file start.txt (compact mmCIF, N, CA and C atoms)
# COMPACT_ATOMS: atom_id res chain seq x y z
N MET A 97 128.14 99.20 105.92
CA MET A 97 127.76 98.17 104.97
C MET A 97 127.51 98.82 103.62
N THR A 98 128.07 98.23 102.57
CA THR A 98 127.89 98.73 101.22
C THR A 98 127.02 97.77 100.44
N ILE A 99 126.07 98.32 99.72
CA ILE A 99 125.19 97.50 98.90
C ILE A 99 125.44 97.86 97.45
N ASP A 100 125.80 96.86 96.65
CA ASP A 100 126.09 97.08 95.24
C ASP A 100 124.79 96.97 94.44
N LEU A 101 124.36 98.09 93.88
CA LEU A 101 123.13 98.13 93.09
C LEU A 101 123.41 98.15 91.60
N SER A 102 124.67 98.04 91.22
CA SER A 102 125.01 98.16 89.80
C SER A 102 124.44 97.03 88.96
N SER A 103 124.19 95.88 89.57
CA SER A 103 123.66 94.75 88.80
C SER A 103 122.15 94.81 88.63
N ILE A 104 121.51 95.78 89.25
CA ILE A 104 120.06 95.90 89.16
C ILE A 104 119.73 96.93 88.10
N ASN A 105 118.95 96.52 87.10
CA ASN A 105 118.50 97.49 86.11
C ASN A 105 117.06 97.86 86.43
N SER A 106 116.61 99.00 85.94
CA SER A 106 115.28 99.49 86.28
C SER A 106 114.19 98.54 85.80
N GLY A 107 114.40 97.87 84.68
CA GLY A 107 113.40 96.93 84.18
C GLY A 107 113.21 95.77 85.13
N ALA A 108 114.31 95.28 85.69
CA ALA A 108 114.21 94.15 86.62
C ALA A 108 113.48 94.57 87.88
N VAL A 109 113.77 95.75 88.36
CA VAL A 109 113.10 96.23 89.56
C VAL A 109 111.63 96.43 89.28
N GLN A 110 111.31 97.04 88.17
CA GLN A 110 109.92 97.28 87.82
C GLN A 110 109.18 95.96 87.67
N ASN A 111 109.76 95.00 86.96
CA ASN A 111 109.09 93.73 86.77
C ASN A 111 108.92 92.98 88.08
N SER A 112 109.92 93.06 88.96
CA SER A 112 109.80 92.36 90.22
C SER A 112 108.69 92.96 91.06
N LEU A 113 108.46 94.26 90.95
CA LEU A 113 107.38 94.87 91.70
C LEU A 113 106.03 94.43 91.16
N LEU A 114 105.94 94.23 89.85
CA LEU A 114 104.68 93.82 89.26
C LEU A 114 104.39 92.35 89.49
N ASP A 115 105.42 91.56 89.78
CA ASP A 115 105.24 90.13 89.92
C ASP A 115 104.81 89.71 91.32
N ARG A 116 104.75 90.60 92.26
CA ARG A 116 104.47 90.21 93.63
C ARG A 116 103.29 90.96 94.22
N THR A 117 102.52 90.24 95.00
CA THR A 117 101.47 90.85 95.80
C THR A 117 101.75 90.46 97.25
N VAL A 118 101.86 91.45 98.09
CA VAL A 118 102.21 91.20 99.48
C VAL A 118 101.03 91.56 100.36
N PRO A 119 100.38 90.56 100.97
CA PRO A 119 99.27 90.88 101.85
C PRO A 119 99.77 91.39 103.19
N VAL A 120 99.18 92.47 103.66
CA VAL A 120 99.63 93.05 104.91
C VAL A 120 98.47 93.71 105.63
N THR A 121 98.53 93.70 106.93
CA THR A 121 97.55 94.41 107.74
C THR A 121 98.30 95.33 108.68
N ALA A 122 97.61 96.27 109.27
CA ALA A 122 98.29 97.20 110.18
C ALA A 122 97.50 97.31 111.47
N GLY A 123 98.22 97.54 112.55
CA GLY A 123 97.55 97.73 113.81
C GLY A 123 98.40 97.23 114.96
N PRO A 124 98.13 97.71 116.16
CA PRO A 124 98.92 97.28 117.32
C PRO A 124 98.55 95.86 117.73
N THR A 125 99.50 95.19 118.36
CA THR A 125 99.25 93.85 118.87
C THR A 125 99.15 93.91 120.39
N GLU A 126 98.46 92.94 120.96
CA GLU A 126 98.33 92.92 122.41
C GLU A 126 99.61 92.39 123.04
N GLN A 127 99.94 92.92 124.21
CA GLN A 127 101.13 92.46 124.91
C GLN A 127 100.82 91.17 125.65
N THR A 128 101.82 90.30 125.68
CA THR A 128 101.70 89.09 126.49
C THR A 128 102.05 89.45 127.93
N ALA A 129 101.77 88.55 128.86
CA ALA A 129 102.07 88.79 130.27
C ALA A 129 103.57 88.99 130.46
N GLU A 130 104.37 88.21 129.76
CA GLU A 130 105.83 88.33 129.87
C GLU A 130 106.31 89.69 129.37
N GLN A 131 105.73 90.16 128.28
CA GLN A 131 106.11 91.46 127.74
C GLN A 131 105.71 92.57 128.70
N ALA A 132 104.56 92.42 129.35
CA ALA A 132 104.11 93.43 130.31
C ALA A 132 105.05 93.48 131.50
N GLU A 133 105.53 92.31 131.98
CA GLU A 133 106.45 92.25 133.13
C GLU A 133 107.81 92.86 132.79
N THR A 134 108.31 92.53 131.63
CA THR A 134 109.66 92.99 131.27
C THR A 134 109.66 94.38 130.66
N GLY A 135 108.50 94.88 130.32
CA GLY A 135 108.43 96.21 129.72
C GLY A 135 108.79 96.22 128.25
N THR A 136 108.87 95.06 127.66
CA THR A 136 109.16 94.98 126.22
C THR A 136 107.87 94.75 125.46
N SER A 137 107.90 95.04 124.21
CA SER A 137 106.72 94.78 123.39
C SER A 137 107.17 94.38 122.00
N THR A 138 106.32 93.68 121.35
CA THR A 138 106.58 93.29 119.97
C THR A 138 105.52 93.95 119.12
N VAL A 139 105.96 94.78 118.21
CA VAL A 139 105.05 95.45 117.31
C VAL A 139 105.21 94.83 115.94
N LYS A 140 104.11 94.43 115.38
CA LYS A 140 104.13 93.85 114.03
C LYS A 140 103.51 94.84 113.08
N ASP A 141 104.30 95.30 112.15
CA ASP A 141 103.79 96.18 111.10
C ASP A 141 103.60 95.35 109.84
N THR A 142 102.55 95.63 109.17
CA THR A 142 102.29 94.94 107.92
C THR A 142 101.84 95.95 106.88
N VAL A 143 102.01 95.59 105.63
CA VAL A 143 101.64 96.47 104.52
C VAL A 143 100.71 95.72 103.60
N SER A 144 99.75 96.42 103.05
CA SER A 144 98.81 95.79 102.13
C SER A 144 98.82 96.54 100.80
N PHE A 145 99.01 95.78 99.72
CA PHE A 145 98.98 96.37 98.39
C PHE A 145 97.67 95.99 97.72
N SER A 146 97.14 96.89 96.96
CA SER A 146 95.93 96.56 96.21
C SER A 146 96.32 95.68 95.03
N ASN A 147 95.34 95.23 94.31
CA ASN A 147 95.64 94.39 93.15
C ASN A 147 95.95 95.24 91.92
N ALA A 148 96.29 96.50 92.10
CA ALA A 148 96.62 97.38 90.97
C ALA A 148 97.82 96.86 90.21
N ALA A 149 98.81 96.32 90.90
CA ALA A 149 99.99 95.80 90.22
C ALA A 149 99.62 94.62 89.33
N GLU A 150 98.72 93.76 89.82
CA GLU A 150 98.27 92.63 89.01
C GLU A 150 97.54 93.11 87.77
N ARG A 151 96.67 94.09 87.95
CA ARG A 151 95.92 94.63 86.81
C ARG A 151 96.87 95.29 85.81
N LEU A 152 97.85 96.02 86.31
CA LEU A 152 98.82 96.68 85.44
C LEU A 152 99.61 95.65 84.65
N GLN A 153 100.00 94.58 85.30
CA GLN A 153 100.75 93.53 84.60
C GLN A 153 99.88 92.88 83.53
N SER A 154 98.61 92.66 83.84
CA SER A 154 97.69 92.06 82.87
C SER A 154 97.53 92.96 81.65
N VAL A 155 97.36 94.26 81.87
CA VAL A 155 97.23 95.21 80.77
C VAL A 155 98.52 95.24 79.95
N ASN A 156 99.65 95.23 80.64
CA ASN A 156 100.94 95.25 79.96
C ASN A 156 101.09 94.03 79.05
N GLN A 157 100.68 92.86 79.52
CA GLN A 157 100.77 91.65 78.71
C GLN A 157 99.82 91.72 77.51
N THR A 158 98.63 92.26 77.71
CA THR A 158 97.67 92.39 76.62
C THR A 158 98.19 93.33 75.55
N VAL A 159 98.72 94.46 75.95
CA VAL A 159 99.25 95.44 75.00
C VAL A 159 100.46 94.87 74.26
N ALA A 160 101.28 94.10 74.96
CA ALA A 160 102.47 93.51 74.32
C ALA A 160 102.07 92.55 73.20
N LYS A 161 100.88 91.97 73.29
CA LYS A 161 100.42 91.02 72.26
C LYS A 161 99.83 91.71 71.04
N LEU A 162 99.51 92.99 71.15
CA LEU A 162 98.91 93.72 70.04
C LEU A 162 99.95 93.98 68.95
N PRO A 163 99.55 93.91 67.70
CA PRO A 163 100.50 94.20 66.62
C PRO A 163 100.85 95.69 66.61
N VAL A 164 102.09 95.98 66.24
CA VAL A 164 102.54 97.36 66.17
C VAL A 164 101.94 98.05 64.94
N VAL A 165 101.65 97.28 63.92
CA VAL A 165 101.13 97.81 62.66
C VAL A 165 99.71 97.28 62.45
N ASP A 166 98.84 98.14 61.94
CA ASP A 166 97.48 97.72 61.59
C ASP A 166 97.56 96.98 60.26
N VAL A 167 97.64 95.67 60.34
CA VAL A 167 97.85 94.83 59.16
C VAL A 167 96.72 94.99 58.15
N ASN A 168 95.50 95.13 58.63
CA ASN A 168 94.36 95.29 57.71
C ASN A 168 94.47 96.58 56.91
N ARG A 169 94.88 97.66 57.58
CA ARG A 169 95.02 98.96 56.90
C ARG A 169 96.15 98.90 55.86
N VAL A 170 97.25 98.25 56.21
CA VAL A 170 98.36 98.11 55.28
C VAL A 170 97.92 97.34 54.04
N GLU A 171 97.18 96.27 54.26
CA GLU A 171 96.69 95.47 53.12
C GLU A 171 95.74 96.28 52.24
N GLN A 172 94.89 97.09 52.87
CA GLN A 172 93.95 97.93 52.12
C GLN A 172 94.72 98.92 51.24
N ILE A 173 95.71 99.59 51.81
CA ILE A 173 96.50 100.57 51.05
C ILE A 173 97.28 99.87 49.94
N ARG A 174 97.83 98.70 50.25
CA ARG A 174 98.58 97.94 49.23
C ARG A 174 97.68 97.61 48.04
N ASN A 175 96.47 97.19 48.32
CA ASN A 175 95.53 96.86 47.24
C ASN A 175 95.15 98.11 46.44
N GLU A 176 94.90 99.23 47.13
CA GLU A 176 94.55 100.47 46.43
C GLU A 176 95.71 100.95 45.55
N LEU A 177 96.93 100.83 46.04
CA LEU A 177 98.09 101.21 45.23
C LEU A 177 98.21 100.31 43.99
N ALA A 178 98.00 99.02 44.19
CA ALA A 178 98.11 98.06 43.08
C ALA A 178 97.02 98.31 42.04
N ASN A 179 95.83 98.71 42.50
CA ASN A 179 94.71 98.94 41.58
C ASN A 179 94.71 100.35 41.00
N GLY A 180 95.55 101.23 41.54
CA GLY A 180 95.56 102.61 41.08
C GLY A 180 94.42 103.44 41.63
N THR A 181 93.81 103.00 42.71
CA THR A 181 92.66 103.71 43.28
C THR A 181 93.00 104.47 44.56
N TYR A 182 94.27 104.46 44.96
CA TYR A 182 94.66 105.16 46.20
C TYR A 182 94.61 106.67 45.96
N LYS A 183 93.88 107.38 46.80
CA LYS A 183 93.75 108.84 46.68
C LYS A 183 94.66 109.49 47.73
N LEU A 184 95.48 110.39 47.25
CA LEU A 184 96.39 111.11 48.14
C LEU A 184 95.97 112.57 48.17
N ASP A 185 95.69 113.07 49.38
CA ASP A 185 95.32 114.47 49.56
C ASP A 185 96.58 115.25 49.93
N ALA A 186 97.19 115.89 48.94
CA ALA A 186 98.46 116.58 49.12
C ALA A 186 98.37 117.67 50.19
N GLU A 187 97.26 118.38 50.24
CA GLU A 187 97.10 119.46 51.22
C GLU A 187 97.07 118.89 52.64
N SER A 188 96.39 117.79 52.83
CA SER A 188 96.33 117.14 54.14
C SER A 188 97.71 116.65 54.57
N VAL A 189 98.45 116.07 53.64
CA VAL A 189 99.81 115.60 53.93
C VAL A 189 100.69 116.78 54.32
N ALA A 190 100.60 117.88 53.58
CA ALA A 190 101.40 119.07 53.87
C ALA A 190 101.06 119.63 55.24
N ASP A 191 99.77 119.70 55.58
CA ASP A 191 99.35 120.19 56.89
C ASP A 191 99.92 119.33 58.02
N LYS A 192 99.94 118.02 57.82
CA LYS A 192 100.45 117.12 58.86
C LYS A 192 101.97 117.24 58.99
N ILE A 193 102.65 117.46 57.87
CA ILE A 193 104.11 117.67 57.94
C ILE A 193 104.41 118.95 58.70
N ILE A 194 103.68 119.99 58.43
CA ILE A 194 103.89 121.28 59.12
C ILE A 194 103.61 121.12 60.61
N ALA A 195 102.53 120.44 60.94
CA ALA A 195 102.19 120.22 62.36
C ALA A 195 103.27 119.40 63.04
N PHE A 196 103.78 118.39 62.37
CA PHE A 196 104.83 117.54 62.94
C PHE A 196 106.10 118.36 63.17
N GLU A 197 106.49 119.14 62.21
CA GLU A 197 107.70 119.96 62.33
C GLU A 197 107.53 121.00 63.46
N GLY A 198 106.30 121.42 63.70
CA GLY A 198 106.06 122.39 64.77
C GLY A 198 106.26 121.82 66.15
N LEU A 199 106.35 120.51 66.26
CA LEU A 199 106.57 119.88 67.56
C LEU A 199 108.00 120.06 68.04
N PHE A 200 108.90 120.38 67.12
CA PHE A 200 110.32 120.48 67.48
C PHE A 200 110.73 121.88 67.59

call {"tool": "encode", "arguments": {"input": "start.txt", "output": "structure tokens"}}
result
Amino acid sequence: MTIDLSSINSGAVQNSLLDRTVPVTAGPTEQTAEQAETGTSTVKDTVSFSNAAERLQSVNQTVAKLPVVDVNRVEQIRNELANGTYKLDAESVADKIIAFEGLF
């Protein structure tokens, strides 16, 4: 049997895992009289997931709603530039450029 996985992308798999909670328990089951006579047994395995996936999805949704840019800080800098009061520390900028370049 061949299973085509090409249509599944990692995002879909990841999201589907976060969207489901599967309650499960584990342990042996008692045999019925018929199972004891025939020598067969039915074993039920179950799996239990914590609510970590739910919490992770909630955090993911909260973070997705946050702005990428600090709008208040941008407005503050814009006003300082317009008023001519923005102070630029050239040495600090140079140090940060050097540190950034050192990452590569």

call {"tool": "atom_distance", "arguments": {"input": "start.txt", "atom1": "atom C of Thr181 (chain A)", "atom2": "atom N of Asn168 (chain A)"}}
result
17.1 Å

call {"tool": "atom_distance", "arguments": {"input": "start.txt", "atom1": "CA of Thr128 (chain A)", "atom2": "atom C of Lys140 (chain A)"}}
result
14.7 Å

call {"tool": "atom_distance", "arguments": {"input": "start.txt", "atom1": "atom C of Gly198 (chain A)", "atom2": "atom C of Ala186 (chain A)"}}
result
18.3 Å
